[in-house]
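Novice: One structure, as structure tokens, below. Some questions next.
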Amino acid sequence: MNRLSRMLARKFVLVKPFEGLPKLTDFQIVEETIPTELQDGEILAKAEWWTVDPYMRLRTVANMKVGDQFVGGQVARVLKSRCDEFPEGSQVVGYFGWRDLTIYKPVPGGPRIYSSIHAMPDMKGLPDSYALGCLGMPGNTAYHGLLDICQPKAGETLVVTAAAGAVGSLVGQIGKVKGCKVIGFAGDDDKVKWLTNELGFDHAFNYKKVGLDETFKTYIPQKIDCYFDNVGGEFMYHVVQNMNEFGRISQCGSISAYNTIRKPGELPLVPFDYPLFRFNQMRMEGFNVRRWANNWFQGINEIRDWILEGKIKVRESVTEGFENIPKAFIELLEGKNTGKQVIKATQ
């Protein structure tokens, strides 16, 4: 009798709290017995793609204990269904975590966004994996985080950090669509070349090799209007020093600190120029993408159309095999990915 007919699911659980960068020994695959018969309203789904994202490192510290399953989204195929909304054979995007088989009961009338379950977007022929990246949560993060919070105008200057990642690469390209001058920062020279040569950024820099204040003054003499912050840390101080009056900052992430956090509330202290920030009437706003749950597909559909029109380019870093999800996650936190990091099921 094979594993599927026995209804055994595999899942990754935490076996040791992270100390700095996660290690492969911090993760373990365990098997879980799944009921052989579905109840009314339930579906049985098999994962086809998984995603790993930087927020998972922070979530592990804040919400997980040893033995808990790792969270995250997946594109899955419905194998059995007693739910009319998600029939057998359909695909869903579900927040089912790092597991291969899932029995799930969608809440009737409940939210249909990445943190629960929703039907696949209208992909119009684009790859299914895009539903976890540019046409999923990272896409909406970039779209709404830039357009609704920074509200960029044509001719303004936009700076993006972690610009070669899933979110940052979209932010920069959306900025170009809206007529901005875009400057990106990434962590290695190949990523920098990709940003300028392929994605159309006006300038890009390896932050490890340049002085930020000097770079801003040389390449952005007109100063910064919008800053999309994916990294946190001291970078913000230098942006504020070189920002225009009424500058807008979208605070999306703080990946520079994630691997140093070992317990909730343990955060690095960084300098911040409060008088200048206040005098120049700047605005900084943090956000959670669930804010836009009621129009979840607005951004996804517009990004999809921009891709089909050739205005936005997408790159993925693809790892194969369920057993390699932790490896992909660690490489993401090491900055080895370009674009969206996804994992493809092989069986």
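Ordered as shown in the structure tokens, chains take letters A, B, and onward, while each chain numbers its residues from 1 and ligands are numbered from 1 in the order shown.
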Quick one: residues within 7 Å of Ala119 of chain A, only C-alpha atoms, excluding same-chain residues fewer than 6 positions away - as a list in words?

Specialist: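 Here the answer would be Gln91, Val92 and Val93 of chain A.
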
Novice: Within 9 Å of segment 192-199 of chain A, which residues of segment 251-329 of chain A show up? Give each one with its shortest atom-to-atom distance in Å (one decimal) and the two atoms involved, counting only C-alpha atoms, rows by chain then rising residue number, as a tab-separated table.

Specialist:
```
residue	atom	partner	partner_atom	distance
A:Ile312	CA	A:Leu199	CA	7.4
A:Lys313	CA	A:Leu199	CA	6.5
A:Val314	CA	A:Leu199	CA	8.8
```

Novice: List every residue of segment 171-332 of chain A that DSSP, applied to the backbone of this structure, assigns to strand (DSSP E), and report them as a PDB file with N, CA and C atoms, in the first residue's frame.

Specialist:
```pdb
ATOM      1  N   LYS A 181      12.346  57.716 -11.388  1.00  0.00           N
ATOM      2  CA  LYS A 181      13.756  57.344 -11.442  1.00  0.00           C
ATOM      3  C   LYS A 181      13.972  56.358 -10.303  1.00  0.00           C
ATOM      4  N   VAL A 182      14.531  55.169 -10.613  1.00  0.00           N
ATOM      5  CA  VAL A 182      14.602  54.089  -9.628  1.00  0.00           C
ATOM      6  C   VAL A 182      16.058  53.707  -9.370  1.00  0.00           C
ATOM      7  N   ILE A 183      16.414  53.668  -8.101  1.00  0.00           N
ATOM      8  CA  ILE A 183      17.747  53.253  -7.669  1.00  0.00           C
ATOM      9  C   ILE A 183      17.578  52.071  -6.731  1.00  0.00           C
ATOM     10  N   GLY A 184      18.250  50.966  -7.046  1.00  0.00           N
ATOM     11  CA  GLY A 184      18.128  49.762  -6.246  1.00  0.00           C
ATOM     12  C   GLY A 184      19.434  49.379  -5.575  1.00  0.00           C
ATOM     13  N   PHE A 185      19.317  48.694  -4.442  1.00  0.00           N
ATOM     14  CA  PHE A 185      20.478  48.183  -3.719  1.00  0.00           C
ATOM     15  C   PHE A 185      20.294  46.689  -3.487  1.00  0.00           C
ATOM     16  N   ALA A 186      21.353  45.930  -3.768  1.00  0.00           N
ATOM     17  CA  ALA A 186      21.333  44.483  -3.584  1.00  0.00           C
ATOM     18  C   ALA A 186      22.678  44.051  -3.016  1.00  0.00           C
ATOM     19  N   HIS A 203      19.809  53.085 -11.768  1.00  0.00           N
ATOM     20  CA  HIS A 203      21.099  52.774 -11.152  1.00  0.00           C
ATOM     21  C   HIS A 203      20.878  51.660 -10.141  1.00  0.00           C
ATOM     22  N   ALA A 204      21.905  50.868  -9.912  1.00  0.00           N
ATOM     23  CA  ALA A 204      21.858  49.845  -8.872  1.00  0.00           C
ATOM     24  C   ALA A 204      23.258  49.688  -8.298  1.00  0.00           C
ATOM     25  N   PHE A 205      23.305  49.326  -7.003  1.00  0.00           N
ATOM     26  CA  PHE A 205      24.581  49.269  -6.304  1.00  0.00           C
ATOM     27  C   PHE A 205      24.628  48.072  -5.369  1.00  0.00           C
ATOM     28  N   ASN A 206      25.829  47.548  -5.200  1.00  0.00           N
ATOM     29  CA  ASN A 206      26.098  46.546  -4.182  1.00  0.00           C
ATOM     30  C   ASN A 206      26.341  47.294  -2.875  1.00  0.00           C
ATOM     31  N   ILE A 224      15.857  62.069  -2.502  1.00  0.00           N
ATOM     32  CA  ILE A 224      14.934  60.931  -2.567  1.00  0.00           C
ATOM     33  C   ILE A 224      13.527  61.388  -2.211  1.00  0.00           C
ATOM     34  N   ASP A 225      12.561  60.928  -2.995  1.00  0.00           N
ATOM     35  CA  ASP A 225      11.155  61.217  -2.702  1.00  0.00           C
ATOM     36  C   ASP A 225      10.454  60.035  -2.025  1.00  0.00           C
ATOM     37  N   CYS A 226      10.777  58.825  -2.473  1.00  0.00           N
ATOM     38  CA  CYS A 226      10.121  57.626  -1.954  1.00  0.00           C
ATOM     39  C   CYS A 226      11.179  56.580  -1.616  1.00  0.00           C
ATOM     40  N   TYR A 227      11.000  55.918  -0.503  1.00  0.00           N
ATOM     41  CA  TYR A 227      11.906  54.836  -0.111  1.00  0.00           C
ATOM     42  C   TYR A 227      11.084  53.625   0.271  1.00  0.00           C
ATOM     43  N   PHE A 228      11.331  52.508  -0.414  1.00  0.00           N
ATOM     44  CA  PHE A 228      10.678  51.231  -0.080  1.00  0.00           C
ATOM     45  C   PHE A 228      11.700  50.408   0.686  1.00  0.00           C
ATOM     46  N   ASP A 229      11.461  50.257   1.981  1.00  0.00           N
ATOM     47  CA  ASP A 229      12.448  49.675   2.896  1.00  0.00           C
ATOM     48  C   ASP A 229      12.140  48.205   3.162  1.00  0.00           C
ATOM     49  N   MET A 243      16.746  62.785   1.941  1.00  0.00           N
ATOM     50  CA  MET A 243      15.365  62.749   1.471  1.00  0.00           C
ATOM     51  C   MET A 243      14.790  64.150   1.367  1.00  0.00           C
ATOM     52  N   ASN A 244      13.927  64.309   0.385  1.00  0.00           N
ATOM     53  CA  ASN A 244      13.259  65.588   0.175  1.00  0.00           C
ATOM     54  C   ASN A 244      12.189  65.858   1.226  1.00  0.00           C
ATOM     55  N   GLU A 245      11.795  67.115   1.312  1.00  0.00           N
ATOM     56  CA  GLU A 245      10.652  67.463   2.137  1.00  0.00           C
ATOM     57  C   GLU A 245       9.425  66.694   1.657  1.00  0.00           C
ATOM     58  N   PHE A 246       8.643  66.234   2.602  1.00  0.00           N
ATOM     59  CA  PHE A 246       7.440  65.423   2.339  1.00  0.00           C
ATOM     60  C   PHE A 246       7.794  64.064   1.721  1.00  0.00           C
ATOM     61  N   GLY A 247       9.008  63.571   1.982  1.00  0.00           N
ATOM     62  CA  GLY A 247       9.373  62.241   1.523  1.00  0.00           C
ATOM     63  C   GLY A 247       8.510  61.173   2.177  1.00  0.00           C
ATOM     64  N   ARG A 248       8.313  60.061   1.464  1.00  0.00           N
ATOM     65  CA  ARG A 248       7.449  58.980   1.959  1.00  0.00           C
ATOM     66  C   ARG A 248       8.242  57.681   2.029  1.00  0.00           C
ATOM     67  N   ILE A 249       8.098  56.972   3.140  1.00  0.00           N
ATOM     68  CA  ILE A 249       8.805  55.723   3.367  1.00  0.00           C
ATOM     69  C   ILE A 249       7.791  54.617   3.623  1.00  0.00           C
ATOM     70  N   SER A 250       7.880  53.562   2.834  1.00  0.00           N
ATOM     71  CA  SER A 250       7.058  52.371   3.034  1.00  0.00           C
ATOM     72  C   SER A 250       7.922  51.333   3.743  1.00  0.00           C
ATOM     73  N   GLN A 251       7.606  51.050   5.014  1.00  0.00           N
ATOM     74  CA  GLN A 251       8.428  50.133   5.793  1.00  0.00           C
ATOM     75  C   GLN A 251       7.839  48.731   5.678  1.00  0.00           C
ATOM     76  N   ARG A 283       7.182  61.138   6.048  1.00  0.00           N
ATOM     77  CA  ARG A 283       6.183  60.197   6.559  1.00  0.00           C
ATOM     78  C   ARG A 283       6.678  58.771   6.364  1.00  0.00           C
ATOM     79  N   MET A 284       6.616  57.967   7.418  1.00  0.00           N
ATOM     80  CA  MET A 284       6.960  56.548   7.338  1.00  0.00           C
ATOM     81  C   MET A 284       5.781  55.734   7.833  1.00  0.00           C
ATOM     82  N   GLU A 285       5.433  54.699   7.088  1.00  0.00           N
ATOM     83  CA  GLU A 285       4.274  53.876   7.454  1.00  0.00           C
ATOM     84  C   GLU A 285       4.605  52.403   7.262  1.00  0.00           C
ATOM     85  N   GLY A 286       4.384  51.637   8.314  1.00  0.00           N
ATOM     86  CA  GLY A 286       4.473  50.189   8.208  1.00  0.00           C
ATOM     87  C   GLY A 286       3.138  49.624   7.752  1.00  0.00           C
ATOM     88  N   GLU A 316      12.664  33.593 -11.140  1.00  0.00           N
ATOM     89  CA  GLU A 316      12.478  32.737  -9.975  1.00  0.00           C
ATOM     90  C   GLU A 316      13.756  31.948  -9.700  1.00  0.00           C
ATOM     91  N   SER A 317      14.000  31.677  -8.431  1.00  0.00           N
ATOM     92  CA  SER A 317      15.013  30.716  -8.016  1.00  0.00           C
ATOM     93  C   SER A 317      14.259  29.461  -7.595  1.00  0.00           C
ATOM     94  N   VAL A 318      14.395  28.385  -8.367  1.00  0.00           N
ATOM     95  CA  VAL A 318      13.577  27.184  -8.182  1.00  0.00           C
ATOM     96  C   VAL A 318      14.413  26.070  -7.563  1.00  0.00           C
ATOM     97  N   THR A 319      13.927  25.529  -6.457  1.00  0.00           N
ATOM     98  CA  THR A 319      14.493  24.338  -5.819  1.00  0.00           C
ATOM     99  C   THR A 319      13.503  23.203  -6.027  1.00  0.00           C
ATOM    100  N   GLU A 320      13.993  21.997  -6.256  1.00  0.00           N
ATOM    101  CA  GLU A 320      13.106  20.860  -6.488  1.00  0.00           C
ATOM    102  C   GLU A 320      13.104  19.930  -5.282  1.00  0.00           C
TER     103      GLU A 320
END
```

Novice: Excluding Ser116 of chain A and its own-chain neighbours fewer than 2 positions away, which residues fall within 12 Å of it when counting only C-alpha atoms? Please give them as a list in words.

Specialist: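 Once the adjacent positions are removed, what remains is Val71, Gly72, Gly73, Gln74, Val92, Val93, Gly94, Tyr95, Phe96, Gly97, Tyr104, Lys105, Pro106, Val107, Pro108, Gly109, Gly110, Pro111, Arg112, Ile113, Tyr114, His118, Ala119, Met137, Arg290 and Ala293 of chain A.
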
Novice: Using only C-alpha atoms for the distances, tell me which of A:Met7, A:Gly41, A:Gln281, A:Leu267 is nearest to Phe86 of chain A.

Specialist: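 Using only C-alpha atoms, Phe86 of chain A sits closest to A:Gly41.
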
Novice: I'd like the neighbourhood of segment 17-20 of chain A as number ranges by chain, where a residue qualifies if any of its atoms comes within 12 Å (using only C-alpha atoms), though same-chain residues fewer than 6 positions away should be ignored.

Specialist: A: 26-27, 56-68, 256-263, 330, 333-334

Novice: Using only C-alpha atoms, can you tell me which of A:Leu269, A:Leu332, A:Ala162, A:Ala47 comes closest to Trp98 of chain A?

Specialist: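 Ranked by minimum distance to Trp98 of chain A, first place goes to A:Ala47.
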
Novice: Mind checking which residues fall within 8 Å of Ser81 of chain A, counting only C-alpha atoms, ignoring those fewer than 5 positions away in the same chain, and posting them as number ranges by chain?

Specialist: A: 38, 41-44, 86-88

Novice: How would you write, as a PyMOL selection string, the set of residues in segment 102-271 of chain A that DSSP gives as helix (DSSP H, G or I)?

Specialist: chain A and resi 128-132+137-150+166-177+189-197+212-219+235-241+255-258

Novice: Neighbouring residues of Phe235 of chain A were defined as those with any atom within 10 Å, considering only C-alpha atoms; residues of the same chain fewer than 5 positions away were excluded. Please report them as a PyMOL selection string.

Specialist: chain A and resi 161+207+212-213+229+240+256+270-272

Novice: Do you know which residues are at most 10 Å from Glu302 of chain A counting only C-alpha atoms, after dropping those on the same chain fewer than 5 positions away, and could you put them as a list in words?

Specialist: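 Counting only the stated atoms, we get Leu135, Gly139, Tyr143, Phe297, Ile307 and Leu308 of chain A.
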
Novice: One number please: atom CA of Arg82 of chain A to atom CA of Ile103 of chain A, in Å, one decimal.

Specialist: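 Those two atoms sit 10.8 Å apart.
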
Novice: Would you please work out which residue, of A:Cys150, A:Leu158, A:Ala328, A:Cys252, is nearest to Phe216 of chain A when using only C-alpha atoms?

Specialist: A:Leu158

Novice: Using only C-alpha atoms, which of A:Thr157, A:Ser169, A:Met282, A:Glu214 sits nearest Ala142 of chain A?

Specialist: A:Ser169

Novice: Work out how far atom CA of Asp189 of chain A is from atom CA of Ile325 of chain A, in Å to one decimal.

Specialist: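 Computing it gives 26.1 Å between the two atoms.
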
Novice: Using only C-alpha atoms, can you tell me which of A:Thr141, A:Asn242, A:Thr33, A:Ser129 comes closest to Arg10 of chain A?

Specialist: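 Going through A:Thr141, A:Asn242, A:Thr33, A:Ser129 one by one, the smallest distance to Arg10 of chain A is for A:Thr33.
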
Novice: Ranking A:Thr25, A:Gln341, A:Gln347, A:Thr36 by minimum distance to Thr102 of chain A and counting only C-alpha atoms, which one comes first?

Specialist: A:Thr36

Novice: Please indicate the distance in Å from atom CA of Lys176 of chain A to atom CA of Ile303 of chain A, rounded to one decimal place.

Specialist: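 Pair atom CA of Lys176 of chain A / atom CA of Ile303 of chain A returns 12.9 Å.
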